[in-house]
file model_30.txt (compact mmCIF, C-alpha atoms and all ligand atoms)
# COMPACT_ATOMS: atom_id res chain seq x y z
CA MET A 209 -23.94 4.38 -4.36
CA ASN A 210 -26.75 5.65 -2.15
CA SER A 211 -25.99 7.78 0.89
CA LYS A 212 -27.30 5.11 3.25
CA ALA A 213 -24.73 2.57 2.10
CA ILE A 214 -23.38 0.37 4.85
CA ILE A 215 -19.86 -0.88 4.34
CA LEU A 216 -18.31 -3.96 5.87
CA THR A 217 -14.81 -5.15 5.21
CA GLY A 218 -12.18 -6.89 7.21
CA ASP A 219 -8.84 -8.59 7.39
CA ARG A 220 -7.53 -11.76 8.91
CA PRO A 221 -5.04 -10.98 11.69
CA THR A 222 -2.52 -13.40 10.22
CA GLY A 223 0.23 -10.77 9.86
CA PRO A 224 0.81 -7.05 9.51
CA LEU A 225 -0.89 -5.47 6.52
CA HIS A 226 0.86 -4.97 3.19
CA LEU A 227 0.63 -2.96 0.00
CA GLY A 228 -1.89 -5.45 -1.46
CA HIS A 229 -4.31 -4.62 1.34
CA TYR A 230 -3.68 -0.95 0.86
CA ALA A 231 -4.28 -0.97 -2.89
CA GLY A 232 -7.13 -3.49 -2.86
CA SER A 233 -9.19 -2.23 0.04
CA LEU A 234 -7.63 -0.11 2.78
CA ARG A 235 -7.16 3.00 0.64
CA GLN A 236 -10.85 2.92 -0.31
CA ARG A 237 -11.92 2.47 3.29
CA VAL A 238 -10.06 5.60 4.33
CA ALA A 239 -11.92 7.61 1.69
CA LEU A 240 -15.33 5.97 2.24
CA GLN A 241 -15.45 6.43 6.00
CA HIS A 242 -16.27 10.13 5.57
CA HIS A 243 -19.44 9.45 3.61
CA TYR A 244 -20.87 6.10 4.69
CA GLN A 245 -21.47 3.98 7.72
CA GLN A 246 -18.44 1.74 7.81
CA PHE A 247 -17.59 -1.34 9.87
CA VAL A 248 -14.18 -3.00 9.74
CA LEU A 249 -13.94 -6.49 11.12
CA VAL A 250 -10.75 -8.01 12.51
CA ALA A 251 -11.54 -11.56 11.39
CA ASP A 252 -9.76 -13.57 14.06
CA LEU A 253 -12.05 -16.60 13.75
CA GLN A 254 -11.41 -16.71 10.04
CA GLY A 255 -7.69 -16.38 10.75
CA LEU A 256 -7.94 -19.47 12.94
CA THR A 257 -9.49 -21.58 10.15
CA ASP A 258 -6.02 -22.35 8.83
CA ASN A 259 -4.12 -21.59 12.04
CA GLY A 260 -6.15 -23.64 14.51
CA SER A 261 -3.07 -25.02 16.23
CA ASN A 262 -1.39 -21.66 16.47
CA PRO A 263 -3.78 -19.24 18.20
CA GLN A 264 -0.83 -17.20 19.39
CA LYS A 265 -0.15 -16.09 15.82
CA ILE A 266 -3.68 -14.71 15.55
CA ARG A 267 -3.61 -13.17 19.03
CA ASP A 268 -0.29 -11.43 18.41
CA ASN A 269 -1.38 -10.02 15.09
CA ILE A 270 -4.58 -8.36 16.31
CA PRO A 271 -2.79 -5.23 17.60
CA GLU A 272 -0.51 -5.27 14.53
CA VAL A 273 -3.51 -5.00 12.21
CA LEU A 274 -5.10 -2.32 14.41
CA ALA A 275 -1.91 -0.25 14.32
CA ASP A 276 -1.87 -0.59 10.52
CA TYR A 277 -5.48 0.60 10.28
CA LEU A 278 -4.80 3.72 12.31
CA ALA A 279 -1.53 4.40 10.52
CA ALA A 280 -3.27 4.14 7.14
CA GLY A 281 -5.89 6.67 8.22
CA ILE A 282 -8.84 4.63 9.49
CA ASP A 283 -10.43 6.92 12.07
CA PRO A 284 -12.22 5.05 14.87
CA SER A 285 -14.56 7.98 15.38
CA LEU A 286 -15.81 7.47 11.80
CA THR A 287 -15.34 3.71 11.35
CA THR A 288 -16.45 1.03 13.79
CA ILE A 289 -13.55 -1.38 14.19
CA CYS A 290 -14.68 -4.66 15.77
CA LEU A 291 -13.53 -8.20 16.55
CA GLN A 292 -15.21 -11.21 14.95
CA SER A 293 -14.89 -13.49 18.00
CA ALA A 294 -16.52 -10.83 20.22
CA LEU A 295 -19.72 -10.97 18.16
CA PRO A 296 -21.60 -14.21 18.91
CA ALA A 297 -24.37 -13.31 16.43
CA LEU A 298 -21.87 -13.98 13.63
CA ALA A 299 -21.30 -17.55 14.79
CA GLU A 300 -25.05 -18.12 15.25
CA LEU A 301 -25.88 -16.82 11.79
CA THR A 302 -23.11 -19.06 10.40
CA ALA A 303 -24.76 -22.05 12.08
CA LEU A 304 -28.11 -21.16 10.52
CA TYR A 305 -26.68 -20.56 7.03
CA MET A 306 -24.66 -23.79 7.05
CA ASN A 307 -27.89 -25.74 6.69
CA ILE A 308 -28.84 -24.17 3.39
CA VAL A 309 -25.46 -24.49 1.63
CA THR A 310 -24.31 -27.78 0.19
CA VAL A 311 -20.82 -29.21 0.57
CA ALA A 312 -20.62 -29.32 -3.24
CA ARG A 313 -21.28 -25.58 -3.40
CA VAL A 314 -18.48 -24.63 -1.00
CA GLU A 315 -16.12 -27.03 -2.72
CA ARG A 316 -16.86 -25.29 -6.02
CA ASN A 317 -15.89 -21.85 -4.66
CA PRO A 318 -12.82 -21.03 -6.81
CA THR A 319 -11.02 -19.00 -4.12
CA VAL A 320 -11.43 -21.76 -1.56
CA LYS A 321 -10.35 -24.36 -4.13
CA ASN A 322 -7.26 -22.35 -4.96
CA GLU A 323 -6.37 -21.74 -1.30
CA ILE A 324 -6.82 -25.43 -0.44
CA ALA A 325 -4.37 -26.35 -3.21
CA GLN A 326 -1.95 -23.57 -2.20
CA LYS A 327 -1.94 -24.63 1.46
CA GLY A 328 -1.52 -28.30 0.56
CA PHE A 329 -4.65 -29.37 2.45
CA THR A 330 -5.86 -32.79 1.41
CA ARG A 331 -7.39 -34.96 4.14
CA SER A 332 -6.03 -32.43 6.64
CA LEU A 333 -8.46 -29.75 5.47
CA PRO A 334 -10.06 -28.22 8.58
CA VAL A 335 -13.88 -28.19 8.41
CA GLY A 336 -13.80 -24.55 9.51
CA PHE A 337 -11.64 -23.60 6.55
CA LEU A 338 -13.98 -25.22 4.05
CA VAL A 339 -16.95 -23.30 5.40
CA TYR A 340 -15.31 -19.91 5.87
CA PRO A 341 -17.25 -18.41 2.94
CA ILE A 342 -20.42 -19.15 4.90
CA SER A 343 -19.08 -17.41 7.97
CA GLN A 344 -18.05 -14.50 5.76
CA ALA A 345 -21.64 -14.33 4.49
CA ALA A 346 -22.74 -14.16 8.12
CA ASP A 347 -20.30 -11.28 8.75
CA ILE A 348 -21.52 -9.25 5.78
CA THR A 349 -25.23 -9.85 6.32
CA ALA A 350 -25.16 -9.34 10.08
CA PHE A 351 -24.23 -5.71 9.43
CA LYS A 352 -26.73 -5.49 6.55
CA ALA A 353 -23.81 -4.27 4.49
CA ASN A 354 -24.58 -3.49 0.88
CA GLN A 355 -21.07 -2.42 -0.17
CA VAL A 356 -17.95 -4.48 0.42
CA PRO A 357 -14.60 -2.98 -0.68
CA VAL A 358 -12.42 -6.01 -1.38
CA GLY A 359 -9.74 -7.43 -3.64
CA ASP A 360 -10.93 -9.57 -6.54
CA ASP A 361 -10.08 -12.81 -4.70
CA GLN A 362 -13.23 -12.07 -2.72
CA LEU A 363 -15.67 -11.97 -5.65
CA PRO A 364 -16.71 -15.62 -5.23
CA MET A 365 -17.46 -14.86 -1.55
CA ILE A 366 -19.77 -12.01 -2.48
CA GLU A 367 -21.53 -14.21 -5.04
CA GLN A 368 -22.00 -16.93 -2.46
CA THR A 369 -23.21 -14.41 0.12
CA ASN A 370 -25.91 -13.18 -2.25
CA GLU A 371 -27.04 -16.76 -2.88
CA ILE A 372 -27.41 -17.23 0.86
CA VAL A 373 -29.31 -13.93 1.16
CA ARG A 374 -31.74 -15.02 -1.56
CA LYS A 375 -32.33 -18.43 -0.02
CA MET A 376 -32.68 -17.17 3.56
CA ASN A 377 -35.04 -14.36 2.54
CA SER A 378 -37.21 -16.88 0.69
CA LEU A 379 -37.67 -18.78 3.95
CA MET A 380 -38.98 -15.74 5.83
CA PRO A 381 -42.27 -13.85 5.40
CA GLU A 382 -40.41 -10.56 4.86
CA PRO A 383 -36.88 -10.21 3.48
CA VAL A 384 -34.50 -9.47 6.35
CA LEU A 385 -31.09 -9.74 4.72
CA HIS A 386 -29.58 -7.31 2.22
CA HIS A 387 -27.82 -8.13 -1.02
CA CYS A 388 -24.27 -6.85 -1.28
CA ASN A 389 -21.99 -5.56 -3.92
CA ALA A 390 -18.20 -5.91 -4.20
CA MET A 391 -16.48 -2.56 -4.63
CA LEU A 392 -13.31 -3.27 -6.55
CA SER A 393 -10.50 -0.74 -6.54
CA GLU A 394 -8.46 0.11 -9.62
CA THR A 395 -5.89 -2.37 -8.33
CA SER A 396 -8.12 -5.24 -7.42
CA ARG A 397 -5.22 -7.70 -7.28
CA LEU A 398 -1.73 -6.45 -6.55
CA PRO A 399 0.87 -9.05 -7.57
CA GLY A 400 3.49 -10.20 -5.10
CA LEU A 401 7.13 -9.13 -5.10
CA ASP A 402 8.06 -12.66 -6.20
CA GLY A 403 6.06 -12.64 -9.41
CA ASN A 404 3.05 -14.49 -7.98
CA ALA A 405 -0.27 -13.10 -9.18
CA LYS A 406 -1.27 -12.03 -5.64
CA MET A 407 0.64 -10.35 -2.86
CA SER A 408 -0.40 -12.34 0.19
CA LYS A 409 0.71 -12.88 3.75
CA SER A 410 0.49 -16.64 3.26
CA LEU A 411 2.82 -16.53 0.27
CA GLY A 412 5.51 -14.44 1.98
CA ASN A 413 5.82 -12.11 -1.01
CA THR A 414 4.71 -8.89 0.63
CA LEU A 415 5.93 -5.36 1.15
CA LEU A 416 4.52 -4.31 4.50
CA LEU A 417 3.01 -0.93 5.29
CA SER A 418 5.62 -0.89 8.08
CA ALA A 419 8.59 -1.74 5.82
CA SER A 420 11.87 0.04 6.59
CA GLU A 421 13.52 2.38 4.11
CA GLU A 422 16.16 -0.28 3.42
CA THR A 423 13.57 -3.04 2.84
CA ILE A 424 11.71 -0.85 0.36
CA HIS A 425 14.97 -0.07 -1.42
CA ARG A 426 15.92 -3.74 -1.68
CA ALA A 427 12.42 -4.81 -2.78
CA VAL A 428 12.34 -2.30 -5.63
CA ASN A 429 15.88 -3.15 -6.65
CA ALA A 430 15.09 -6.86 -6.90
CA MET A 431 11.90 -6.36 -8.91
CA TYR A 432 11.48 -8.03 -12.28
CA THR A 433 11.09 -5.77 -15.26
CA ASP A 434 11.23 -6.99 -18.86
CA ALA A 435 13.87 -9.74 -19.11
CA ASN A 436 14.54 -8.82 -22.75
CA HIS A 437 15.09 -5.14 -22.02
CA LEU A 438 18.86 -5.31 -21.86
CA LYS A 439 19.89 -1.80 -22.90
CA ALA A 440 18.09 1.42 -22.01
CA THR A 441 17.83 2.21 -25.72
CA ASP A 442 15.91 -1.05 -26.44
CA PRO A 443 12.11 -0.93 -26.67
CA GLY A 444 10.68 -2.60 -23.55
CA GLN A 445 7.50 -4.43 -22.54
CA ILE A 446 4.98 -3.06 -20.07
CA ASP A 447 2.78 -6.16 -19.75
CA GLY A 448 3.88 -8.25 -16.81
CA ASN A 449 6.49 -5.64 -15.90
CA ARG A 450 6.14 -5.41 -12.15
CA VAL A 451 7.66 -1.93 -11.90
CA PHE A 452 4.93 -0.48 -14.10
CA THR A 453 2.22 -2.48 -12.33
CA TYR A 454 3.31 -0.88 -9.07
CA LEU A 455 3.69 2.58 -10.62
CA ASP A 456 0.10 2.25 -11.89
CA ALA A 457 -1.07 1.23 -8.44
CA PHE A 458 0.74 3.83 -6.35
CA HIS A 459 2.07 6.77 -8.35
CA ALA A 460 -0.06 9.88 -7.83
CA ASN A 461 0.78 11.38 -11.22
CA LYS A 462 -1.00 9.17 -13.79
CA ALA A 463 0.05 11.40 -16.70
CA LYS A 464 3.69 10.97 -15.77
CA VAL A 465 3.31 7.17 -15.61
CA ALA A 466 1.58 7.17 -19.01
CA GLU A 467 4.46 9.19 -20.44
CA MET A 468 7.03 6.82 -18.91
CA LYS A 469 5.20 3.83 -20.37
CA ALA A 470 5.20 5.33 -23.86
CA HIS A 471 8.89 6.14 -23.54
CA TYR A 472 9.72 2.64 -22.28
CA LEU A 473 7.76 1.02 -25.12
CA ARG A 474 9.55 2.99 -27.81
CA GLY A 475 12.96 2.62 -26.15
CA GLY A 476 15.29 5.03 -24.41
CA LEU A 477 14.05 4.70 -20.86
CA GLY A 478 16.20 2.56 -18.58
CA ASP A 479 15.01 0.19 -15.84
CA ARG A 480 17.11 2.08 -13.30
CA THR A 481 15.22 5.34 -13.93
CA CYS A 482 11.85 3.54 -13.64
CA LYS A 483 12.91 1.85 -10.42
CA ASN A 484 14.13 5.15 -8.97
CA GLU A 485 10.75 6.72 -9.71
CA LEU A 486 8.97 3.79 -8.06
CA GLU A 487 11.23 3.80 -5.06
CA ILE A 488 10.65 7.50 -4.42
CA CYS A 489 6.91 6.98 -4.66
CA LEU A 490 6.87 3.96 -2.30
CA GLN A 491 9.20 5.63 0.21
CA GLU A 492 6.89 8.66 0.29
CA LEU A 493 3.80 6.50 0.67
CA ILE A 494 5.12 4.20 3.39
CA ALA A 495 7.29 6.53 5.53
CA PRO A 496 4.44 8.46 7.19
CA MET A 497 2.49 5.24 7.84
CA ARG A 498 5.57 3.57 9.32
CA GLU A 499 6.15 6.51 11.65
CA ARG A 500 2.55 6.73 12.85
CA ARG A 501 2.42 2.96 13.28
CA ALA A 502 5.54 2.94 15.47
CA THR A 503 3.72 5.20 17.92
CA TYR A 504 0.43 3.27 17.93
CA ILE A 505 2.03 -0.13 18.45
CA GLN A 506 3.71 1.07 21.65
CA ASP A 507 0.34 1.14 23.42
CA LYS A 508 -1.30 -2.21 22.68
CA GLY A 509 -3.69 -1.67 25.61
CA ALA A 510 -5.11 1.42 23.92
CA LEU A 511 -5.50 -0.50 20.63
CA ILE A 512 -7.42 -3.32 22.32
CA ALA A 513 -9.56 -0.77 24.20
CA LEU A 514 -10.67 0.81 20.94
CA LEU A 515 -11.44 -2.64 19.55
CA LYS A 516 -13.57 -3.37 22.61
CA LYS A 517 -15.49 -0.14 22.20
CA GLY A 518 -16.15 -0.81 18.50
CA SER A 519 -17.15 -4.41 19.25
CA GLU A 520 -19.73 -3.26 21.79
CA ARG A 521 -21.33 -1.08 19.14
CA ALA A 522 -21.17 -3.85 16.55
CA HIS A 523 -22.67 -6.30 19.05
CA ASN A 524 -25.92 -4.35 19.15
CA VAL A 525 -26.14 -4.13 15.36
CA THR A 526 -25.44 -7.83 14.77
CA GLN A 527 -27.70 -9.08 17.60
CA LYS A 528 -30.57 -7.12 16.05
CA THR A 529 -30.09 -8.87 12.71
CA LEU A 530 -29.83 -12.27 14.38
CA ARG A 531 -33.07 -11.62 16.23
CA GLU A 532 -34.83 -10.61 13.00
CA VAL A 533 -33.61 -13.76 11.25
CA LYS A 534 -34.74 -15.99 14.12
CA GLU A 535 -38.12 -14.30 14.18
CA GLY A 536 -38.33 -14.57 10.40
CA LEU A 537 -37.71 -18.29 10.64
CA GLY A 538 -40.31 -18.58 13.38
CA LEU A 539 -37.87 -19.72 16.02
CA PRO A 540 -38.76 -18.78 19.59
CA VAL A 541 -36.79 -15.70 20.63
CA PHE A 542 -36.34 -15.25 24.37
P1 LIG A 601 -3.86 -14.46 4.08
O1 LIG A 601 -2.74 -14.91 3.18
O2 LIG A 601 -3.67 -14.77 5.51
O3 LIG A 601 -5.22 -14.87 3.53
P2 LIG A 601 -4.09 -11.97 2.72
O4 LIG A 601 -2.80 -11.28 2.44
O5 LIG A 601 -4.82 -12.69 1.61
O6 LIG A 601 -3.82 -12.89 3.97
P3 LIG A 601 -6.60 -11.11 3.85
O7 LIG A 601 -6.67 -10.68 5.28
O8 LIG A 601 -7.08 -12.48 3.49
O9 LIG A 601 -5.09 -10.92 3.34
O10 LIG A 601 -7.37 -10.05 2.93
C1 LIG A 601 -7.96 -8.87 3.42
C2 LIG A 601 -8.45 -7.98 2.30
O11 LIG A 601 -7.36 -7.49 1.53
C3 LIG A 601 -9.38 -8.70 1.29
O12 LIG A 601 -10.37 -7.79 0.88
C4 LIG A 601 -8.48 -9.02 0.15
O13 LIG A 601 -9.18 -9.12 -1.08
C5 LIG A 601 -7.55 -7.80 0.15
N1 LIG A 601 -6.25 -8.17 -0.43
C6 LIG A 601 -5.33 -8.98 0.12
N2 LIG A 601 -4.27 -9.13 -0.69
C7 LIG A 601 -4.53 -8.37 -1.80
C8 LIG A 601 -3.83 -8.09 -3.02
N3 LIG A 601 -2.65 -8.62 -3.26
N4 LIG A 601 -4.40 -7.25 -3.93
C9 LIG A 601 -5.62 -6.69 -3.70
N5 LIG A 601 -6.34 -6.92 -2.57
C10 LIG A 601 -5.81 -7.75 -1.63
MG MG A 602 -6.61 -13.98 2.18
call {"tool": "encode", "arguments": {"input": "model_30.txt", "output": "structure tokens"}}
result
Amino acid sequence: MNSKAIILTGDRPTGPLHLGHYAGSLRQRVALQHHYQQFVLVADLQGLTDNGSNPQKIRDNIPEVLADYLAAGIDPSLTTICLQSALPALAELTALYMNIVTVARVERNPTVKNEIAQKGFTRSLPVGFLVYPISQAADITAFKANQVPVGDDQLPMIEQTNEIVRKMNSLMPEPVLHHCNAMLSETSRLPGLDGNAKMSKSLGNTLLLSASEETIHRAVNAMYTDANHLKATDPGQIDGNRVFTYLDAFHANKAKVAEMKAHYLRGGLGDRTCKNELEICLQELIAPMRERRATYIQDKGALIALLKKGSERAHNVTQKTLREVKEGLGLPVF
């Protein structure tokens, strides 16, 4: 990655952040902010695409997500944290891009298709929801981001963004928009506690970054292992064994996890021991975040003030891109 890389990522303020966010994207953002120019977008407009009748949910979760960012180690002096609805250039770019994307193309987007089925939208599908990949392309391109640290559910969005970049650039005398690249973490899709393939706020199968000690204990206790591993002395299965998936994602000592896996496979390692190891690791990971978060969330005014400051900075960046696109298209710019 070149040293001039610009990074844009974001989250929908539809609930507090969870371990899936941490493993899929947040952990990378904390590391990347020291080396690259990073923007993090609180995607409230995108949150509204399937919560249009419940704006309070989105409003209430904005400070929750901000507190999670700070607790996880996002430093607002290194990362520009901004609010989607405070950046009108994003909506204007969306309006321009909507004209070069067909309905068939958005309907073919596998993530959107899957989410439509999951949410039970049929004729009730909001127009805004169907076109959210286009607005996400506007978000990424407005910042001229070339690196996007995301979970693998976002790969179709990146592909679609690059199609839009290609098409838009072909309409302008000079290319204005930048192609982008998804940066996948080692855990690009953390499964949910319930066995679903993805931990997700919408599915209610999450372990929050603010989870209490007791909640973590109960979650680990209830986790599925290998249903056929009845006695500790039996050989066990690793594939699909949630406890090992989570150990892989969060345990700092990879050699120890490898050793545990080998032991489990050949027999002699009990589920209880594995769960204890996982619980210790999750308690140690979450406790400091939970404590920091509890302090940040007490001053919601300060959280919103830092969002305002970041949004002002982001406004200048995104307006500049919008202006270049309008000029590139030959539209009058006043
Ligand atoms: P919602 O259900 O409201 O869509 P979500 O839990 O999917 O919420 P988002 O705000 O849509 O969270 O996702 C924000 C970022 O976190 C995206 O980059 C997404 O890929 C990543 N992410 C979310 N869940 C996971 C997961 N289980 N594993 C890896 N990455 C994830
Ligand atoms: Mg999502």
call {"tool": "atom_distance", "arguments": {"input": "model_30.txt", "atom1": "CA of Asp402 in chain A", "atom2": "atom C10 of ligand LIG 601 (chain A)"}}
result
15.4 Å
call {"tool": "residues_near_ligand", "arguments": {"input": "model_30.txt", "ligand": "ligand LIG 601 (chain A)", "cutoff": "7 Å", "atoms": "all atoms listed in the file", "output": "PyMOL selection string"}}
result
chain A and resi 217-222+228-229+231-233+255+357-362+395-400+406-411
call {"tool": "residues_around", "arguments": {"input": "model_30.txt", "residues": "range 372-375 of chain A", "least_positions_apart": "3", "cutoff": "7 Å", "atoms": "all atoms listed in the file", "output": "PyMOL selection string"}}
result
chain A and resi 368-369+378-379+385-387
call {"tool": "residues_around", "arguments": {"input": "model_30.txt", "residues": "Tyr230 in chain A", "least_positions_apart": "5", "cutoff": "10 Å", "atoms": "only C-alpha atoms", "output": "number ranges by chain"}}
result
A: 225, 235-238, 276-277, 280, 359, 395, 398, 416-417, 457-458
call {"tool": "closest_residue", "arguments": {"input": "model_30.txt", "among": "A:Glu371, A:Glu485, A:Asp347, A:Glu272", "to": "Glu300 in chain A", "atoms": "all atoms listed in the file"}}
result
A:Asp347
call {"tool": "atom_distance", "arguments": {"input": "model_30.txt", "atom1": "CA of Pro364 in chain A", "atom2": "CA of His242 in chain A"}}
result
27.9 Å
call {"tool": "atom_distance", "arguments": {"input": "model_30.txt", "atom1": "CA of Ile282 in chain A", "atom2": "CA of Gln254 in chain A"}}
result
21.5 Å
call {"tool": "closest_residue", "arguments": {"input": "model_30.txt", "among": "A:Gln292, A:Thr330, A:Thr526, A:Gln344", "to": "ligand MG 602 (chain A)", "atoms": "all atoms listed in the file"}}
result
A:Gln344
call {"tool": "residues_around", "arguments": {"input": "model_30.txt", "residues": "Ile289 in chain A", "least_positions_apart": "3", "cutoff": "6 Å", "atoms": "only C-alpha atoms", "output": "list of chain:residue names"}}
result
A:Phe247, A:Val248, A:Leu249, A:Leu515, A:Gly518
call {"tool": "residues_around", "arguments": {"input": "model_30.txt", "residues": "Ala427 in chain A", "least_positions_apart": "2", "cutoff": "12 Å", "atoms": "only C-alpha atoms", "output": "JSON, numbers by chain"}}
result
{"A": [400, 401, 402, 413, 414, 415, 416, 419, 420, 421, 422, 423, 424, 425, 429, 430, 431, 432, 450, 451, 454, 483, 484, 486, 487, 490, 491]}
call {"tool": "axis_aligned_box", "arguments": {"input": "model_30.txt", "around": "range 424-440 of chain A", "padding_each_side": "8 Å", "output": "lines of an AutoDock Vina configuration file"}}
result
center_x = 15.5
center_y = -4.2
center_z = -11.3
size_x = 24.8
size_y = 27.2
size_z = 39.3
call {"tool": "closest_residue", "arguments": {"input": "model_30.txt", "among": "A:His243, A:Leu286, A:Tyr340, A:Asp268", "to": "ligand MG 602 (chain A)", "atoms": "only C-alpha atoms and all ligand atoms"}}
result
A:Tyr340
call {"tool": "closest_residue", "arguments": {"input": "model_30.txt", "among": "A:Leu514, A:Val320, A:Ile488, A:Ala440", "to": "ligand MG 602 (chain A)", "atoms": "all atoms listed in the file"}}
result
A:Val320
call {"tool": "decode", "arguments": {"input": "model_30.txt", "residues": "range 293-304 of chain A", "atoms": "N, CA, C and O atoms", "output": "mmCIF file, in the first residue's frame"}}
result
data_model
loop_
_atom_site.group_PDB
_atom_site.id
_atom_site.type_symbol
_atom_site.label_atom_id
_atom_site.label_comp_id
_atom_site.auth_asym_id
_atom_site.auth_seq_id
_atom_site.Cartn_x
_atom_site.Cartn_y
_atom_site.Cartn_z
ATOM 1 N N SER A 293 -24.935 12.472 7.009
ATOM 2 C CA SER A 293 -25.999 13.437 6.688
ATOM 3 C C SER A 293 -25.510 14.883 6.774
ATOM 4 O O SER A 293 -26.213 15.800 6.350
ATOM 5 N N ALA A 294 -24.311 15.096 7.322
ATOM 6 C CA ALA A 294 -23.774 16.457 7.397
ATOM 7 C C ALA A 294 -22.953 16.802 6.156
ATOM 8 O O ALA A 294 -22.378 17.885 6.080
ATOM 9 N N LEU A 295 -22.905 15.881 5.198
ATOM 10 C CA LEU A 295 -22.055 16.073 4.020
ATOM 11 C C LEU A 295 -22.918 16.033 2.760
ATOM 12 O O LEU A 295 -23.082 14.978 2.137
ATOM 13 N N PRO A 296 -23.480 17.183 2.364
ATOM 14 C CA PRO A 296 -24.408 17.180 1.230
ATOM 15 C C PRO A 296 -23.781 16.707 -0.078
ATOM 16 O O PRO A 296 -24.492 16.197 -0.949
ATOM 17 N N ALA A 297 -22.460 16.821 -0.208
ATOM 18 C CA ALA A 297 -21.817 16.355 -1.450
ATOM 19 C C ALA A 297 -22.086 14.867 -1.673
ATOM 20 O O ALA A 297 -22.189 14.409 -2.815
ATOM 21 N N LEU A 298 -22.228 14.111 -0.576
ATOM 22 C CA LEU A 298 -22.453 12.664 -0.719
ATOM 23 C C LEU A 298 -23.808 12.404 -1.379
ATOM 24 O O LEU A 298 -23.935 11.541 -2.247
ATOM 25 N N ALA A 299 -24.810 13.168 -0.959
ATOM 26 C CA ALA A 299 -26.150 12.993 -1.537
ATOM 27 C C ALA A 299 -26.160 13.451 -3.003
ATOM 28 O O ALA A 299 -26.795 12.831 -3.857
ATOM 29 N N GLU A 300 -25.415 14.521 -3.287
ATOM 30 C CA GLU A 300 -25.393 15.023 -4.681
ATOM 31 C C GLU A 300 -24.665 14.047 -5.604
ATOM 32 O O GLU A 300 -25.101 13.802 -6.732
ATOM 33 N N LEU A 301 -23.570 13.492 -5.119
ATOM 34 C CA LEU A 301 -22.860 12.501 -5.948
ATOM 35 C C LEU A 301 -23.754 11.284 -6.160
ATOM 36 O O LEU A 301 -23.800 10.712 -7.255
ATOM 37 N N THR A 302 -24.479 10.892 -5.109
ATOM 38 C CA THR A 302 -25.408 9.753 -5.248
ATOM 39 C C THR A 302 -26.396 10.037 -6.371
ATOM 40 O O THR A 302 -26.646 9.183 -7.233
ATOM 41 N N ALA A 303 -26.942 11.250 -6.382
ATOM 42 C CA ALA A 303 -27.933 11.607 -7.412
ATOM 43 C C ALA A 303 -27.308 11.515 -8.807
ATOM 44 O O ALA A 303 -27.960 11.050 -9.750
ATOM 45 N N LEU A 304 -26.066 11.924 -8.932
ATOM 46 C CA LEU A 304 -25.409 11.851 -10.249
ATOM 47 C C LEU A 304 -25.148 10.398 -10.649
ATOM 48 O O LEU A 304 -25.394 10.000 -11.787
#
